[in-house]
Structure formats: C-alpha cells, structure tokens
Amino acid sequence: MFRNYFKIAIRNLWKNRTFTSLNILGLTAAFGVAILLAMYAVFQLSFDKFHQHGDHLYQVYSEDSSPNGIEANTSKSEPFAAALKDETTGVEKITRYNGSNALLTYDNKQFSMSCAYVDPDFFEMFSFPIIEGDQQNPITSESSIALTKLASKRIFGDENAVGQTVSILRDEEMVPFTVSAIIEDFPETSSMGFDMVLNFKSQGQHAYARGIGRWDVENHEVYMQLAEGVNPEQFEKNTTNFTELHYKNEIDNAKRDGIQPNGDGNYRQVKLLPLADIRFANFNQGPVTVNRTMPYLILGIAVLILFIACVNFVNMSIAKSDQRLREIGMRKTLGANNKQLFFQFWGESALVFLVSIGLGVFTAALLLPSFQTLFRTKASFTTLSNPSLLIVIVLAVALITLIAGGYPAVLMSRLGTLQSLKGKLEINGKNYLRNSLMVLQFGIAILLISGTLVLWNQVEFMRTKDLGFNKDQVIAFPLNGKRNDQQALELLRNSLQDKTNIVSITASNNILGVGKDGSRSTSILGFDYKGRGVDTHMLVVDGDYIETLDLNVIEGRSFRKNLVSDSLSIIINESMAKQLNEDDILASKIDLDDKFFSIVGVIKDFNFKELDQNIEPLTLFPSSNSNLRNAYVKVIPQNLQQSYDDVKAAWATIEPNAEFQGSFLNENIDRTLRNERTMATMIGSGSILAIILSCIGLFAMSLLVVAQRRKEIGIRKIVGASVSAITVLLTKDFIKLVAIAFLIATPIAWWAMSKWLQNYAYRIDLNIWIFLMAGCIAVLIAILTIAGKTIKAATSNPVKSLRTE
C-alpha cells in the first residue's frame, strides 16, 4: 500500500513539476535560511554555558547613587575581593580579573598577546582545562605563566612549551616568566578570551602596585562562586554592612550632596550578575539591564519565514487542487475512503517537505562560510547538535509537515463524490482563512521592511553624525612595541617630519571608537570640589591632541608644550564646565592629591564614548611620563591610502617586530556599530526573503482566482469589458489585502522601532514616510507579482473559457 502511495505521489508531483518546483524552491529557501538564523541565535544564547560551576558563577558589580540616578560599575579596588570573601558569608571562591594586551618575546621574536591577570582560584572556578603542566596551581608563582594551546603553537611551534622561559614587557622592562601549564583552547562560546594567564600580582606598577590597599583606585573586575544553597539576592542584602564600612566616605559624601538612595535606601549596593547574563548586560544606562532581544528576534524571524513558506504551501496546494477533483471523484467511486485519500495527499506533501528539508540543509551548509564571514560568527552545525535541541527540531519539523501538509489533504479528502466529479471546488466566497493568512504574510513582510529601513537610517545617522572631532583624516594605532611610548612617539615624529602629507602627530592613553586591536577603555576620576563630589572621565594626552583631532576650543587655549606650568594645567569639556558651575571657569582650579590643577581651556563636547550614551564630563591632562598607549596621525585629505602606507612604513622602522594595527577613526567608529549593522543586515535579509515568499503565495492565489473566474472573465470580455478593467477587477482584492496588512503592521512597527530607538542618546526622528515607503514597496511588488497572470487572463480568447463547461 505504501509503495503504491509513493509511486502515485511521484507521478503527480512530476506531472505538476512547475508547481512542485515552486513549492520546493520556497520551502528550501525558508528551511535553509531558518537553519542559519537559528544556528546564529542558539550560538549567541549558548555563551558561557560550558562551565561546570556556571550556575554559581557571578560577576560582582555595584550600583551607586549619583546626581544622574543609579550608575553601574564593574571596576573594583585591589583589597575588595579578599575583604568580600573574609567579611561576608556565601563566597565559595573569588578571583580578580584584569584583561590587557602584552608584548611577549621569545627567541628574538615578538608577539602581541591578549593577557588575563587573575588569582589562583580562577582555574577552580572556570572550566578552562589544563592539558599539560601544573594541573593544580599553574599561576601560584608570580613568575609563572599559562598559555593556551593555540598561543603555545604560535610561539613555540611543535616544541614542548612547559618549562620554557619567555619575557613580557612590564614597566618598560622585559621580565622573564616560566611556562607552567598549557590550557585547552577555550570554546567559541566563551565571553572570556585570552592567549595567556598570569598571576594578578604580576602586573606592573600602574595596574597593581600603586593600588595595593587602596579602596579609591578601581581598575579590574571581580568574579565569585557562590556557595551551595546561598541565594544571590540574599547575598546582596547581606553586603550592606560591608559597603557601609569600606565606602563610608563615598556614602557620607552622597548624603551631603543630596543624592537620593536606591529603592532599598542604600547609596551603594553590591550586586551579582550571573555569568550567563554578562554577554547581554548593559552597564551604560542606569541599573544593569539584561537584554537578549537580538538572538530571540533572529530566532523569531526564522520562525516567521518558515510560517510564511508553510502558508504558501497550503495556499498553492489549494490553488492546484481543482485540477485533481475528478481524480478524487473517481477514487471515491471506486471505493476509496477519506482516510486513504488523506494519506495519499499528505504523503505527497510529506515527500515535498522531506526533499525541501534535505535541500535546505544542503543550502545552509553551502552558505555557512559566507554567513560566518558576513556576520562575524563562529556558529556552525555543531551548535545545533545538542541532543535535547535536536529532539525539539525533529518534533518541530514533524509538526510543520503534519499541519502544513495535512490541511490541504484533509480539505481534498473530505470533498463529496459528485462535487469532485463535476470538477468544481466550492470555496466560501468570503475566504476568511485564506485572506487572513495573506494579510498576515504581508503584514510580517511590511513589519520587517519597516524595521530594516529604520535600522539602516539609524546606523547611517550615527555613522555620519558630527562627533565633534576629525574622524576622516586621523589614523590611530596602538604603541605596542618595546620602546617607551614617549620615545616611540618622538621617533615617529622624526620619521614623518619630511612627509608633506602628514599634518600632525599626537597620542593619548585612550582610543576613540574601537581600535583595530579591539581595545577600548575609559577612566573615571572622582574628587571633592567646593564641598561636593565631582566625577569626570580623565584622558592623558600629548600636547598636540586638540589640534590633531580638530577639537573646538570655545574658551581659553590649548596646551603649550614648552610652557612648564602646563604640567599642572587641564582642559575640560562643556559638560565638565557645567558640572563645576563657575562664572569664570578659567580662573578655577581643582585639587587632586594636594596638587592644584588650573583650567586653561574649555573644549566643545565631543563623543569620546559609545554613541548610545550622552556626552559626559571629561578632563584632559597633559602627559609627562604617563603611558600614552595610542598614537594619532592627522593626514591631508588627498591620497589617504598613501598616507596610511607612509605611517605604516615609519612604524616598521621604529618597531620592526611589532604589528601595525592602524585604522582611520571613521573605521573605529564603524566598529562600534557592528551589532547594529548585524541586526540590520539580518532583518533586511529576512524581509527580502519574506516578501519573496509572500509573492509566491500571492502568485498561487492569483492562479486560483483566475481559474475560478475564467468564465466570468470570458463573459465580461464578450459584453465589452476592456483589458484594463478586467485587470483591475482581478487585482483590486489582492491590493486591498496588502493595504489591510499595511494598516495593521505600521502601528506595530512604529511602536517597536520607537522602543528600540530609546536605547540611543542620539537617534533619528521617526516619520510616516519610512513606513509609507515600506507599504509602497510591498504594494508594488504585489502588483508586479500578479500582473503577468491577470493580464494574460484578461487578454485571453473568451471562447476558450466559455467552451469548457
């Protein structure tokens, strides 16, 4: 019996191969794209899930009351971790963590490596297996270093690394370290990434020694493992006495300045963030929020695309069913029952689905390398290999096949014998279900198109926004060589002084945007000013910083290199000036550790942080022997590539073993918009596929309508109806459905996009034209889809249609 079903299914599918091909094409595209999108979403949601103690691991942060409300802070002081473990209950293990880049040398070769400075508890808390060397305490010694397998291969090749000695640049000196262990390369789903691990105490003077015992110097993160049976919320409440003891001055100052406490009456609250939430946490806007919108949105788009494809399959099956009515009538006359007919038609649908799923998997595999490159993801088929996830996928596919393939099968198997033999498919004239599905299809497509247009407009707005500095003519790169930063900067100036395309050179201890090496940092300084607390971002700069970046000095002057008194001068931005609230700002001084700094200039606010945040107070300090870390080279606008090559060549002569990681500042800004671009591209791709699939369904419906109204068209032509009148008659019902979809989808899109734009301090203004454009795109595509079939029906010979009764 099943063999007979299969043979008949193959014959019928081949007989209607155009119809079958359209179905398979649509379903293949939907399954292929849905697999890729689901792969991406599941990959994002699986970050940091591989740690054995993951359910008990937390990042420690604080929420502090400030004049601007609650502010979240992950930076902690040197004594914080030990004091928290000793003075509170519930801390099983705890580690400090400070990530940075370091220069490593071995056998006269230099390597720029990412480094993690941690405490010994680190390897007992996190599941980074040690595969060679000291399994228990690989970094107990301050002269020990653990390398990942990949880093070991990069440095030593196939040579055994354990026991070897390497040197790391620290405080301008090469310090020897002994390789104590090799760590298994961490999974792609780890939010922590490093090449080597060292003891936290192995850091240099600025990062560690100067902060020993000081609660006012905060420069690293803290992670802890909560003891079994301890509730994180209860632990947070139990830290009240801890914060009141160690942050008494800060709390007293907050009370003095009239700052409002949080809802629990605390001015500073120790908080715990689960490890699995770190990747999705936002620390930039008030209390920490965990937002998994993007992966779930991508997963939702995958589901919507599958839904549209399945609706198309149902509609196309019904559209073609009138050609099989006599077959159904004959089968019933010869004794076939509804159950047999159902399995026959459902079997055909299941066969189409199985072929489409197979081709969809093949398509996903074919597109995977390009997908990974485009969206900068390591998601792969192994992401979906979790047994429980595979069961869910199999059940979902079976359900889709049963519902999408079963509905047309039920509809056709329940037709009466006489109705079938007449070859007429009687469908309710109002077609509520069909029309509702079409409205839903195009509503989804319009929603996705609207979202894409808003996203791209917002990304373009931020990319082209005047940030207050010259981002088009300035090359930035890290000073990542062995030389002292000041010395390297001076050599760079000397090397490029004869180049007419080089305008000026400067440096700072921070990078604007995200550097090519992925670096990004900021420093905040707090001090008392005239009896009240003041916070400011601080930036140590070389004397030519303002001129090189074309910052606008609105009061006072810039730094003067040859003026000795400028070593105790500062320049502030407008936001800082407003915070100090002085009538004569240039006559003001601030006291820092018994040193008085004079304000010599005020610069116009510029975006030195993420573009989703308001500009905050900033203070520029002149460099002395400070670590500047990043160089900036301003070039003429003509022949930017040649200027870039000149800077790269100059750096190669100064530091021949150091990698040049330069990029223009506009590229750095673009890197900060990477998530937005990814989201826009994914939603845009989804919207294109959704509109294509919707048009396939619309085309199927036009086939059904033309087939049903064939004789009506013939009669209208005989009595004098024009081609245009008949074309309008056949298309207006479909256009009405698209219009209804637009009216339903637009308010939803407006609301969703308004909510999303609230995440940005600088954003576009929504206007109706964006949504009207989305609606016009949908209407135009719908008209083009059905125009060919309707015009063909309107121009056909009416005698043919009237002869077929």
# chains A, B, ... in the order shown; residues from 1 in each chain; ligands from 1

$ residues_around --residues "range 199-208 of chain A" --least-positions-apart "3" --cutoff "6 Å" --atoms "only C-alpha atoms" --output "number ranges by chain"
A: 117-119, 139, 142, 170-171, 211

$ residues_around --residues "Lys561 in chain A" --least-positions-apart "3" --cutoff "8 Å" --atoms "only C-alpha atoms" --output "list of chain:residue names"
A:Gly543, A:Val564, A:Asp566

$ residues_around --residues "Tyr545 in chain A" --least-positions-apart "4" --cutoff "8 Å" --atoms "only C-alpha atoms" --output "list in words"
Ile505, Thr506, Ala507, Ser508, Val541 and Leu549 of chain A

$ write_last_selection --atoms "N, CA, C and O atoms" --output "short mmCIF file (atom, residue, chain, number, x, y, z; two decimals), in the first residue's frame"
data_model
loop_
_atom_site.label_atom_id
_atom_site.label_comp_id
_atom_site.auth_asym_id
_atom_site.auth_seq_id
_atom_site.Cartn_x
_atom_site.Cartn_y
_atom_site.Cartn_z
N ILE A 505 51.05 64.92 14.69
CA ILE A 505 51.10 63.62 15.38
C ILE A 505 50.90 63.87 16.87
O ILE A 505 51.47 64.81 17.44
N THR A 506 50.10 63.02 17.50
CA THR A 506 49.86 63.13 18.94
C THR A 506 49.59 61.75 19.51
O THR A 506 49.69 60.74 18.80
N ALA A 507 49.24 61.70 20.79
CA ALA A 507 48.94 60.41 21.44
C ALA A 507 48.08 60.65 22.66
O ALA A 507 47.96 61.78 23.16
N SER A 508 47.45 59.57 23.15
CA SER A 508 46.65 59.64 24.38
C SER A 508 46.61 58.25 25.00
O SER A 508 47.02 57.27 24.36
N VAL A 541 46.83 63.18 27.56
CA VAL A 541 47.07 63.44 26.15
C VAL A 541 48.42 64.10 25.94
O VAL A 541 48.97 64.76 26.83
N LEU A 549 43.13 66.33 16.44
CA LEU A 549 41.76 65.84 16.29
C LEU A 549 40.77 66.94 15.93
O LEU A 549 39.57 66.68 15.81
#

$ residues_around --residues "range 302-306 of chain A" --least-positions-apart "6" --cutoff "8 Å" --atoms "only C-alpha atoms" --output "ChimeraX atom specification"
/A:27,30-31,33-35,37-38,444,686,689-690

$ closest_atom_pairs --of "range 546-654 of chain A" --to "range 666-670 of chain A" --cutoff "10 Å" --atoms "only C-alpha atoms" --output "tab-separated table"
residue	atom	partner	partner_atom	distance
A:Lys609	CA	A:Ile669	CA	9.9
A:Glu610	CA	A:Ile669	CA	8.8
A:Leu611	CA	A:Ile669	CA	8.9

$ write_last_selection --atoms "N, CA and C atoms" --output "compact mmCIF listing (two decimals), in the first residue's frame"
# COMPACT_ATOMS: atom_id res chain seq x y z
N LYS A 609 32.84 58.43 23.90
CA LYS A 609 32.37 57.11 24.32
C LYS A 609 31.39 56.57 23.29
N GLU A 610 30.64 55.51 23.66
CA GLU A 610 29.67 54.91 22.75
C GLU A 610 28.61 55.93 22.34
N LEU A 611 28.07 55.72 21.13
CA LEU A 611 27.11 56.67 20.59
C LEU A 611 25.71 56.47 21.17

$ residues_around --residues "Ile94 in chain A" --least-positions-apart "3" --cutoff "12 Å" --atoms "only C-alpha atoms" --output "JSON, numbers by chain"
{"A": [56, 57, 58, 59, 60, 80, 81, 82, 83, 84, 85, 86, 90, 91, 97, 118, 119, 120, 121, 122, 123, 124, 125, 126, 221, 222, 223, 224, 225, 226, 227]}

$ write_last_selection --atoms "N, CA and C atoms" --output "CSV table (one decimal), in the first residue's frame"
chain,number,residue,atom,x,y,z
A,56,HIS,N,26.7,28.8,39.5
A,56,HIS,CA,27.0,29.5,40.7
A,56,HIS,C,28.1,30.6,40.5
A,57,LEU,N,28.4,30.9,39.3
A,57,LEU,CA,29.4,31.9,39.0
A,57,LEU,C,28.8,33.3,38.7
A,58,TYR,N,29.3,34.3,39.3
A,58,TYR,CA,28.7,35.7,39.1
A,58,TYR,C,29.8,36.7,38.9
A,59,GLN,N,29.5,37.8,38.2
A,59,GLN,CA,30.4,38.9,38.2
A,59,GLN,C,29.9,39.9,39.3
A,60,VAL,N,30.8,40.4,40.1
A,60,VAL,CA,30.5,41.3,41.2
A,60,VAL,C,30.5,42.7,40.6
A,80,PHE,N,39.3,44.7,47.5
A,80,PHE,CA,37.9,44.4,47.5
A,80,PHE,C,37.6,42.9,47.6
A,81,ALA,N,38.2,42.1,46.7
A,81,ALA,CA,37.9,40.7,46.6
A,81,ALA,C,38.2,40.0,47.9
A,82,ALA,N,39.4,40.2,48.5
A,82,ALA,CA,39.8,39.5,49.7
A,82,ALA,C,38.9,39.9,50.9
A,83,ALA,N,38.5,41.2,51.0
A,83,ALA,CA,37.7,41.6,52.0
A,83,ALA,C,36.3,41.1,51.9
A,84,LEU,N,35.7,41.0,50.7
A,84,LEU,CA,34.4,40.5,50.5
A,84,LEU,C,34.3,39.0,50.9
A,85,LYS,N,35.4,38.2,50.6
A,85,LYS,CA,35.4,36.8,51.0
A,85,LYS,C,35.5,36.6,52.5
A,86,ASP,N,36.3,37.5,53.1
A,86,ASP,CA,36.6,37.3,54.6
A,86,ASP,C,35.4,37.9,55.4
A,90,GLY,N,29.0,33.2,52.2
A,90,GLY,CA,28.4,32.8,50.9
A,90,GLY,C,29.4,32.8,49.8
A,91,VAL,N,30.7,33.3,50.0
A,91,VAL,CA,31.6,33.3,48.9
A,91,VAL,C,32.4,32.0,49.0
A,97,TYR,N,40.2,39.9,38.1
A,97,TYR,CA,40.4,39.6,36.6
A,97,TYR,C,40.7,41.0,36.0
A,118,VAL,N,44.9,37.1,36.8
A,118,VAL,CA,43.9,36.5,37.7
A,118,VAL,C,44.5,36.0,39.0
A,119,ASP,N,43.6,35.6,39.9
A,119,ASP,CA,44.1,35.0,41.2
A,119,ASP,C,44.0,33.5,41.0
A,120,PRO,N,44.7,32.7,41.9
A,120,PRO,CA,44.8,31.2,41.7
A,120,PRO,C,43.4,30.5,41.7
A,121,ASP,N,42.4,31.1,42.4
A,121,ASP,CA,41.1,30.4,42.4
A,121,ASP,C,40.5,30.3,41.0
A,122,PHE,N,41.0,31.1,40.0
A,122,PHE,CA,40.4,31.2,38.7
A,122,PHE,C,40.2,29.9,38.0
A,123,PHE,N,41.2,29.0,38.1
A,123,PHE,CA,41.1,27.7,37.4
A,123,PHE,C,40.2,26.7,38.1
A,124,GLU,N,39.9,26.9,39.4
A,124,GLU,CA,39.0,26.1,40.1
A,124,GLU,C,37.5,26.5,39.8
A,125,MET,N,37.4,27.8,39.5
A,125,MET,CA,36.0,28.3,39.2
A,125,MET,C,35.6,28.1,37.8
A,126,PHE,N,36.5,28.4,36.9
A,126,PHE,CA,36.1,28.4,35.4
A,126,PHE,C,36.6,27.1,34.8
A,221,GLU,N,38.1,43.7,37.3
A,221,GLU,CA,36.8,43.1,37.5
A,221,GLU,C,37.0,42.0,38.6
A,222,VAL,N,35.8,41.6,39.2
A,222,VAL,CA,35.9,40.5,40.2
A,222,VAL,C,34.8,39.5,39.9
A,223,TYR,N,35.1,38.2,40.0
A,223,TYR,CA,34.2,37.2,39.8
A,223,TYR,C,34.2,36.3,41.0
A,224,MET,N,33.0,35.8,41.3
A,224,MET,CA,32.9,34.9,42.5
A,224,MET,C,32.1,33.7,42.3
A,225,GLN,N,32.3,32.6,43.0
A,225,GLN,CA,31.5,31.4,43.0
A,225,GLN,C,30.7,31.4,44.3
A,226,LEU,N,29.4,31.5,44.2
A,226,LEU,CA,28.5,31.5,45.3
A,226,LEU,C,28.4,30.1,45.9
A,227,ALA,N,28.4,30.0,47.3
A,227,ALA,CA,28.4,28.7,47.9
A,227,ALA,C,27.0,28.1,47.7

$ select_by_dssp --residues "range 443-564 of chain A" --states "strand (DSSP E or B)" --output "PyMOL selection string"
chain A and resi 474-478+502-508+524-529+532-541+553-556

$ residues_around --residues "Gly54 in chain A" --least-positions-apart "6" --cutoff "8 Å" --atoms "only C-alpha atoms" --output "PyMOL selection string"
chain A and resi 48+126+275-276

$ write_last_selection --atoms "all heavy atoms" --output "PDB file, in the first residue's frame"
ATOM      1  N   ASP A  48      28.934  30.950  27.481  1.00  0.00           N
ATOM      2  CA  ASP A  48      29.312  30.727  28.878  1.00  0.00           C
ATOM      3  C   ASP A  48      28.469  29.662  29.565  1.00  0.00           C
ATOM      4  O   ASP A  48      28.375  29.632  30.797  1.00  0.00           O
ATOM      5  CB  ASP A  48      29.236  32.042  29.672  1.00  0.00           C
ATOM      6  CG  ASP A  48      30.212  33.079  29.150  1.00  0.00           C
ATOM      7  OD1 ASP A  48      31.349  32.697  28.834  1.00  0.00           O
ATOM      8  OD2 ASP A  48      29.838  34.257  29.053  1.00  0.00           O
ATOM      9  N   PHE A 126      36.457  28.440  36.852  1.00  0.00           N
ATOM     10  CA  PHE A 126      36.089  28.383  35.437  1.00  0.00           C
ATOM     11  C   PHE A 126      36.641  27.108  34.800  1.00  0.00           C
ATOM     12  O   PHE A 126      37.718  26.638  35.144  1.00  0.00           O
ATOM     13  CB  PHE A 126      36.636  29.609  34.699  1.00  0.00           C
ATOM     14  CG  PHE A 126      36.039  30.906  35.159  1.00  0.00           C
ATOM     15  CD1 PHE A 126      36.665  31.651  36.151  1.00  0.00           C
ATOM     16  CD2 PHE A 126      34.856  31.374  34.624  1.00  0.00           C
ATOM     17  CE1 PHE A 126      36.127  32.850  36.583  1.00  0.00           C
ATOM     18  CE2 PHE A 126      34.308  32.566  35.051  1.00  0.00           C
ATOM     19  CZ  PHE A 126      34.941  33.308  36.040  1.00  0.00           C
ATOM     20  N   LEU A 275      26.903  34.686  35.357  1.00  0.00           N
ATOM     21  CA  LEU A 275      27.878  34.602  34.275  1.00  0.00           C
ATOM     22  C   LEU A 275      27.197  34.507  32.913  1.00  0.00           C
ATOM     23  O   LEU A 275      27.650  35.132  31.943  1.00  0.00           O
ATOM     24  CB  LEU A 275      28.779  33.378  34.501  1.00  0.00           C
ATOM     25  CG  LEU A 275      29.919  33.186  33.502  1.00  0.00           C
ATOM     26  CD1 LEU A 275      30.934  34.313  33.625  1.00  0.00           C
ATOM     27  CD2 LEU A 275      30.600  31.834  33.705  1.00  0.00           C
ATOM     28  N   ALA A 276      26.114  33.757  32.814  1.00  0.00           N
ATOM     29  CA  ALA A 276      25.424  33.570  31.536  1.00  0.00           C
ATOM     30  C   ALA A 276      24.768  34.850  31.036  1.00  0.00           C
ATOM     31  O   ALA A 276      24.406  34.944  29.860  1.00  0.00           O
ATOM     32  CB  ALA A 276      24.376  32.465  31.665  1.00  0.00           C
TER      33      ALA A 276
END

$ closest_residue --among "A:Thr382, A:Thr239, A:Thr619, A:Ser356" --to "Val397 in chain A" --atoms "only C-alpha atoms"
A:Ser356

$ closest_residue --among "A:Ala774, A:Met192, A:Ile696, A:Ala281" --to "Asn312 in chain A" --atoms "only C-alpha atoms"
A:Ile696

$ atom_distance --atom1 "CA of Ser523 in chain A" --atom2 "CA of Leu489 in chain A"
22.1 Å
